[in-house]
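Peer 1: What follows is a single structure, and I will ask about it in a moment.
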Amino acid sequence: MSEQEFMISMKDVNKWYGDFHVLKDVNLNIKKGEKVVICGPSGSGKSTTIRCLNHLEKFQEGSININGTELIEDVKVVRHIRSQVGMVFQHFNLFPHLSVLENLLIAPTWVHKKPRKEAIETAMYFLERVKIADQAHKYPNQLSGGQQQRVAIARCLCINPEIMLFDEPTSALDPEMVSEVLDVMVELADEGITMICVTHEMGFAKKVADRVIFMDAGQVIEENEPNEFFDNPQSDRLKLFLDQILSH
Amino acid sequence: MATYTMKEAKPAPSANKGVVFWLRENLFSDVKNSLLTLFGLYILYALIPPLLNWAIFDATWSGTKAELPSDGGARWIFIVEKFDQFIYGFYPESLHWRPNLVAFLSVALLVSLKLLKNNKVKIGLIIAFPFVCFVLISGGWFGLEVVETEKWGGLMLTILVAAVGIIASFPIGIVLALGRQSDMPVLRNLCIGFIEFVRGVPLITILFMASVMLPLFFQDGIEFNKLLRALIGITLFQAAYIAEVVRGGLQAIPKGQYEASEALGLSYWQGMILIILPQVLKISIPNLVGSFISLFKDTTLVLIIGLFDILAMVTLTNSDTNWLGFETEGYVFVTLIYWVCCFSMSQYSKAIERKFNTEH
């Protein structure tokens, strides 16, 4: 398969924080519409990997290609890539001084230069989709964690992204709110958007992922389709990791 | 195993309410507290009645200088007589309507900013306002008689210096604060150098420098107005303090806010103006207003370089041989004016804080 047919392709990506080698020769090829879950112990570089994809983190060696565009240090290129990539954060990162609706309008009106009226229609459509349209005029701090995360997902969808990145989207949520967020993500997955999700929700991984990737110490250790990944882990480190997260 | 039924919420016990309860709880809860309360009451008793007697009951509001009683109450007639000078300085009496109109327009602007919906009109008004004010006060256009800045004075000058200082220093301070956080070392060090230099020097020095040194740089024919020099000095001084207040605010914004705005594809300036600065300014309101209030009071220092603000006008009128010995009344009046202005600013800031609170 040639490089152009991959939505995302990372080649030998290396990254250092000072002297600390965080990413070691990370290679990752993801096809359009593919759902990939990345898991691994904390500090394994999984968040850093997906944060490299929209240039929230710089990398020193290797190359990244997003939907046919080579990611280079150029303001225009970076903005072009970011306009196709939505990112959902662990701590939601909604803008607290703006209402829910205004949070959703910022990118469409200022980055994509859509008319406000059209942007509002789109925003309301996606708020409807994440079942939170009735809260459109509230402020983020008036919502529960689960609701805030769903707004954050809707905010990404408003820019009509090719790729969605999820960086531990449920880790900061109270347990009873995890499922409302995962439900929205499952629904999204069914629609064929390309998704990379860093998460420890193994149920979610089994249900939606086409592929599960295990990272440790800045490297990809193992990748496989979900059933094999969980039932038949190859490396000792993955066996240990699965033991630790599934044993209780 | 056991199960429990849900309980209804009950009203709080009523013995914990009422005036007597409050008094006992707060003022007379034990011996120490009671003594302090009594002591406080005694101080109020010793201060308030004499003050009221002097300021109101024994005060003289009218009459001429010759028939004023020399004992007892305040002789406010001095303030009444000299009121115009305190407010307008040496501004020609026949033209007092011009500063008055500016004052009225300022209020009208504040009200219309509250009522208007259209942002473009609002911004237009804000941009046009300083020019209108300048033309009105200074004259020279539309057949308005020119009034030299030497004649500007009194409360009018105090407010003008403070307003220009506050409004002009605000954007400069924000840019300095952003520059101080820049990735570019040259820009960053320039900003740090400027801020730290200005903050290490008293305002009075800056005013002296502005009035004595600036002309040295512009020897050839460029005659810089004295007031303009003071305004530039004050603006730069204030900008350094605003920059530090804003920097404090910038540091309080979680990193995730920057990341989210970047991830959505906003440019640096879009992210700053739409996302970061609104939050920074909101949390900085108390410090910003504190800094504005101290600037308002610092404007009295322009007297050093020969500008007559309200305090200088009071000092000046006290040396009028017809009206000797009215310092007390004059300074009490000025104190009151300063307090009213500063207290209003502080109340206004509280109102804005409430308005921008989106927590609940």
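Ordered as shown in the structure tokens, chains take letters A, B, and onward, while each chain numbers its residues from 1 and ligands are numbered from 1 in the order shown.
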If you run DSSP on the backbone here, which positions in region 35-276 of chain B get alpha helix (DSSP H)? Please write them as a ChimeraX atom specification.
Peer 2: /B:35-52,77-88,97-115,119-138,154-180,185-199,203-208,214-217,226-252,255-263,268-270
Peer 1: Would you kindly return, as a list in words, each protein, DNA or RNA residue with an atom no farther than 9 Å from any atom of Ala55 (chain B), considering only C-alpha atoms and excluding same-chain residues fewer than 6 positions away?
Peer 2: Gly73, Ala74, Arg75 and Trp76 of chain B
Peer 1: Please determine the contact residues of chain A with respect to chain B at a cut-off of 8 Å, counting only C-alpha atoms, and supply them as an NGL selection string.
Peer 2: :A and (54 or 56 or 79-80 or 82-83 or 85-87 or 91 or 93-97 or 107 or 110-111 or 139 or 141-142 or 156)
Peer 1: Could you give me, as a compact mmCIF listing (two decimals) with C-alpha atoms, in the first residue's frame, the residues within 10 Å of Met164 (chain A), counting only C-alpha atoms and dropping anything in the same chain fewer than 5 positions from it?
Peer 2:
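So the final result, stored in around.txt, reads:
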```
# COMPACT_ATOMS: atom_id res chain seq x y z
CA LYS A 35 -9.97 3.03 14.61
CA GLN A 84 -8.43 18.56 9.70
CA VAL A 85 -7.60 17.05 13.05
CA GLY A 86 -9.86 17.28 16.09
CA MET A 87 -8.43 16.63 19.52
CA VAL A 88 -10.25 15.71 22.71
CA ILE A 153 -16.22 16.21 21.28
CA CYS A 156 -14.09 19.06 17.41
CA LEU A 157 -16.81 17.72 15.15
CA LEU A 188 -18.67 8.30 16.05
CA ALA A 189 -16.65 5.21 15.30
CA ILE A 193 -14.20 8.77 10.94
CA THR A 194 -10.51 7.97 11.45
CA MET A 195 -9.89 7.70 15.17
CA ILE A 196 -6.90 7.32 17.43
CA CYS A 197 -7.72 6.92 21.05
```
Peer 1: Considering only C-alpha atoms, can you say which of A:Asp243, A:Asp236, A:Glu222, A:Glu201 comes closest to Asn27 (chain A)?
Peer 2: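 Checking each of A:Asp243, A:Asp236, A:Glu222, A:Glu201 against Asn27 (chain A), counting only C-alpha atoms, the winner is A:Glu222.
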Peer 1: For Thr170 (chain A), which residue among A:Glu191, A:Asp216, A:Glu225, A:Asp183 is the nearest when counting only C-alpha atoms?
Peer 2: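 Ranked by minimum distance to Thr170 (chain A), first place goes to A:Asp183.
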Peer 1: So, counting only C-alpha atoms, which residue among B:Thr37, B:Leu288, B:Ala12, B:Leu178 is closest to Arg24 (chain B)?
Peer 2: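 That would be B:Thr37, the residue with the smallest distance to Arg24 (chain B).
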Peer 1: Taking only C-alpha atoms into account, name the residue in B:Gly290, B:Pro215, B:Pro49, B:Gly179 that is nearest to Arg247 (chain B).
Peer 2: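 Nearest candidate to Arg247 (chain B) out of B:Gly290, B:Pro215, B:Pro49, B:Gly179: B:Gly179.
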Peer 1: Hey, what's within 10 Å of Ala172 (chain A) if we count only C-alpha atoms and toss same-chain stuff fewer than 4 positions away? As a CSV table (one decimal) with all heavy atoms, in the first residue's frame, please?
Peer 2:
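part.csv, written as the output of this step:
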```csv
chain,number,residue,atom,x,y,z
A,89,PHE,N,-9.3,16.3,24.9
A,89,PHE,CA,-8.3,16.2,25.9
A,89,PHE,C,-8.8,15.5,27.2
A,89,PHE,O,-10.0,15.5,27.4
A,89,PHE,CB,-7.8,17.6,26.3
A,89,PHE,CG,-7.2,18.4,25.2
A,89,PHE,CD1,-7.9,19.2,24.3
A,89,PHE,CD2,-5.8,18.4,25.0
A,89,PHE,CE1,-7.3,19.9,23.3
A,89,PHE,CE2,-5.2,19.1,24.0
A,89,PHE,CZ,-6.0,19.8,23.1
A,90,GLN,N,-7.9,15.1,28.0
A,90,GLN,CA,-8.3,14.5,29.2
A,90,GLN,C,-9.1,15.4,30.1
A,90,GLN,O,-10.1,15.1,30.7
A,90,GLN,CB,-7.0,14.0,30.0
A,90,GLN,CG,-7.3,13.3,31.3
A,90,GLN,CD,-6.0,12.9,32.0
A,90,GLN,OE1,-4.9,13.1,31.5
A,90,GLN,NE2,-6.1,12.3,33.1
A,91,HIS,N,-8.6,16.7,30.2
A,91,HIS,CA,-9.3,17.7,31.0
A,91,HIS,C,-10.2,18.6,30.3
A,91,HIS,O,-10.4,19.8,30.6
A,91,HIS,CB,-8.3,18.5,31.8
A,91,HIS,CG,-7.5,17.6,32.8
A,91,HIS,ND1,-8.1,17.1,33.9
A,91,HIS,CD2,-6.3,17.1,32.7
A,91,HIS,CE1,-7.2,16.3,34.6
A,91,HIS,NE2,-6.1,16.3,33.9
A,92,PHE,N,-10.8,18.1,29.2
A,92,PHE,CA,-11.8,18.8,28.3
A,92,PHE,C,-11.3,20.0,27.7
A,92,PHE,O,-11.5,20.3,26.5
A,92,PHE,CB,-13.1,19.1,29.1
A,92,PHE,CG,-13.4,18.2,30.3
A,92,PHE,CD1,-13.8,18.7,31.5
A,92,PHE,CD2,-13.3,16.8,30.1
A,92,PHE,CE1,-14.0,17.8,32.6
A,92,PHE,CE2,-13.6,16.0,31.2
A,92,PHE,CZ,-13.9,16.5,32.4
A,145,GLY,N,-18.8,16.7,34.4
A,145,GLY,CA,-17.6,16.3,33.6
A,145,GLY,C,-18.0,15.6,32.3
A,145,GLY,O,-17.4,15.9,31.3
A,146,GLY,N,-18.9,14.7,32.4
A,146,GLY,CA,-19.3,13.9,31.3
A,146,GLY,C,-19.9,14.8,30.2
A,146,GLY,O,-19.6,14.7,29.0
A,149,GLN,N,-17.2,16.9,28.5
A,149,GLN,CA,-16.4,16.1,27.6
A,149,GLN,C,-17.2,15.9,26.3
A,149,GLN,O,-16.6,15.9,25.2
A,149,GLN,CB,-15.9,14.8,28.2
A,149,GLN,CG,-14.9,14.0,27.4
A,149,GLN,CD,-13.6,14.8,27.2
A,149,GLN,OE1,-13.6,15.9,26.7
A,149,GLN,NE2,-12.5,14.3,27.8
A,168,GLU,N,-6.8,10.2,26.4
A,168,GLU,CA,-7.4,9.7,27.7
A,168,GLU,C,-8.7,10.5,28.0
A,168,GLU,O,-8.8,11.1,29.1
A,168,GLU,CB,-6.4,9.9,28.8
A,168,GLU,CG,-5.1,9.2,28.5
A,168,GLU,CD,-4.4,8.8,29.8
A,168,GLU,OE1,-5.0,8.6,30.8
A,168,GLU,OE2,-3.1,8.7,29.7
A,177,MET,N,-19.9,8.6,34.8
A,177,MET,CA,-20.1,9.4,33.6
A,177,MET,C,-19.3,8.9,32.4
A,177,MET,O,-19.4,9.4,31.3
A,177,MET,CB,-19.6,10.9,33.9
A,177,MET,CG,-20.5,11.6,34.8
A,177,MET,SD,-19.8,13.1,35.4
A,177,MET,CE,-21.0,13.6,36.6
A,178,VAL,N,-18.5,7.9,32.7
A,178,VAL,CA,-17.6,7.3,31.7
A,178,VAL,C,-18.5,6.8,30.5
A,178,VAL,O,-18.2,7.1,29.3
A,178,VAL,CB,-16.7,6.2,32.2
A,178,VAL,CG1,-16.0,5.5,31.1
A,178,VAL,CG2,-15.7,6.8,33.2
```
Peer 1: Need the shell around Ser99 (chain A): protein/DNA/RNA residues with any atom at most 6 Å away, counting only C-alpha atoms. Skip same-chain ones fewer than 3 positions apart. Format as a PyMOL selection string?
Peer 2: chain A and resi 102+137-139
Peer 1: Just N, CA and C atoms for this one: save the residues we selected as a PDB file, in the first residue's frame.
Peer 2:
```pdb
ATOM      1  N   GLU A 102     -20.857  29.136  22.125  1.00  0.00           N
ATOM      2  CA  GLU A 102     -19.730  29.946  21.651  1.00  0.00           C
ATOM      3  C   GLU A 102     -18.449  29.113  21.555  1.00  0.00           C
ATOM      4  N   HIS A 137     -26.659  27.240  26.078  1.00  0.00           N
ATOM      5  CA  HIS A 137     -26.374  28.603  26.550  1.00  0.00           C
ATOM      6  C   HIS A 137     -25.799  28.639  27.962  1.00  0.00           C
ATOM      7  N   LYS A 138     -25.511  27.461  28.501  1.00  0.00           N
ATOM      8  CA  LYS A 138     -24.842  27.441  29.798  1.00  0.00           C
ATOM      9  C   LYS A 138     -23.336  27.619  29.613  1.00  0.00           C
ATOM     10  N   TYR A 139     -22.650  27.843  30.724  1.00  0.00           N
ATOM     11  CA  TYR A 139     -21.192  27.925  30.669  1.00  0.00           C
ATOM     12  C   TYR A 139     -20.606  26.568  31.080  1.00  0.00           C
TER      13      TYR A 139
END
```
Peer 1: Hey, what's within 9 Å of Gly192 (chain A) if we count only C-alpha atoms and toss same-chain stuff fewer than 5 positions away? As a compact mmCIF listing (two decimals) with N, CA and C atoms, in the first residue's frame, please?
Peer 2:
```txt
# COMPACT_ATOMS: atom_id res chain seq x y z
N LYS A 32 -7.56 5.39 6.21
CA LYS A 32 -8.77 6.19 6.37
C LYS A 32 -9.87 5.34 7.00
N GLY A 33 -10.51 5.89 8.00
CA GLY A 33 -11.62 5.19 8.63
C GLY A 33 -11.21 4.18 9.68
N GLU A 34 -9.92 4.00 9.87
CA GLU A 34 -9.48 3.00 10.85
C GLU A 34 -9.60 3.54 12.27
N LYS A 35 -9.91 2.66 13.20
CA LYS A 35 -9.97 3.03 14.61
C LYS A 35 -8.84 2.34 15.35
```
Peer 1: Quick one: residues within 10 Å of Leu101 (chain A), only C-alpha atoms, excluding same-chain residues fewer than 6 positions away - as a VMD selection string?
Peer 2: chain A and resid 119 to 120 123 to 124 127 133 135 to 140 151 154 to 155
Peer 1: Can I get the selection written as a CSV table (one decimal), in the first residue's frame, with N, CA and C atoms?
Peer 2:
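The result, written out as part.csv:
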```
chain,number,residue,atom,x,y,z
A,119,ALA,N,-22.7,28.4,11.0
A,119,ALA,CA,-21.9,27.8,12.1
A,119,ALA,C,-22.8,27.4,13.3
A,120,ILE,N,-23.8,28.3,13.6
A,120,ILE,CA,-24.7,28.0,14.7
A,120,ILE,C,-25.5,26.7,14.3
A,123,ALA,N,-23.3,23.8,14.8
A,123,ALA,CA,-23.1,23.6,16.2
A,123,ALA,C,-24.3,22.9,16.9
A,124,MET,N,-25.5,23.4,16.6
A,124,MET,CA,-26.6,22.9,17.2
A,124,MET,C,-26.9,21.4,16.8
A,127,LEU,N,-24.5,19.4,18.9
A,127,LEU,CA,-24.9,19.4,20.3
A,127,LEU,C,-26.0,18.4,20.4
A,133,ALA,N,-28.0,19.5,23.6
A,133,ALA,CA,-28.5,20.8,22.9
A,133,ALA,C,-29.2,21.7,23.9
A,135,GLN,N,-28.3,22.5,26.8
A,135,GLN,CA,-27.4,23.2,27.6
A,135,GLN,C,-26.6,24.2,26.8
A,136,ALA,N,-27.0,24.5,25.6
A,136,ALA,CA,-26.2,25.3,24.7
A,136,ALA,C,-25.8,26.7,25.3
A,137,HIS,N,-26.7,27.2,26.1
A,137,HIS,CA,-26.4,28.6,26.5
A,137,HIS,C,-25.8,28.6,28.0
A,138,LYS,N,-25.5,27.5,28.5
A,138,LYS,CA,-24.8,27.4,29.8
A,138,LYS,C,-23.3,27.6,29.6
A,139,TYR,N,-22.6,27.8,30.7
A,139,TYR,CA,-21.2,27.9,30.7
A,139,TYR,C,-20.6,26.6,31.1
A,140,PRO,N,-19.4,26.2,30.6
A,140,PRO,CA,-18.8,24.9,30.8
A,140,PRO,C,-18.8,24.5,32.3
A,151,VAL,N,-19.4,18.0,25.1
A,151,VAL,CA,-19.3,19.3,24.4
A,151,VAL,C,-17.9,19.4,23.7
A,154,ALA,N,-18.1,17.5,20.6
A,154,ALA,CA,-18.9,18.3,19.6
A,154,ALA,C,-18.1,19.5,19.0
A,155,ARG,N,-17.3,20.1,19.9
A,155,ARG,CA,-16.5,21.2,19.4
A,155,ARG,C,-15.5,20.8,18.3
```
Peer 1: Would you compute the distance between CA of Val280 (chain B) and CA of Leu250 (chain B)? Give it in Å to one decimal.
Peer 2: 5.7 Å
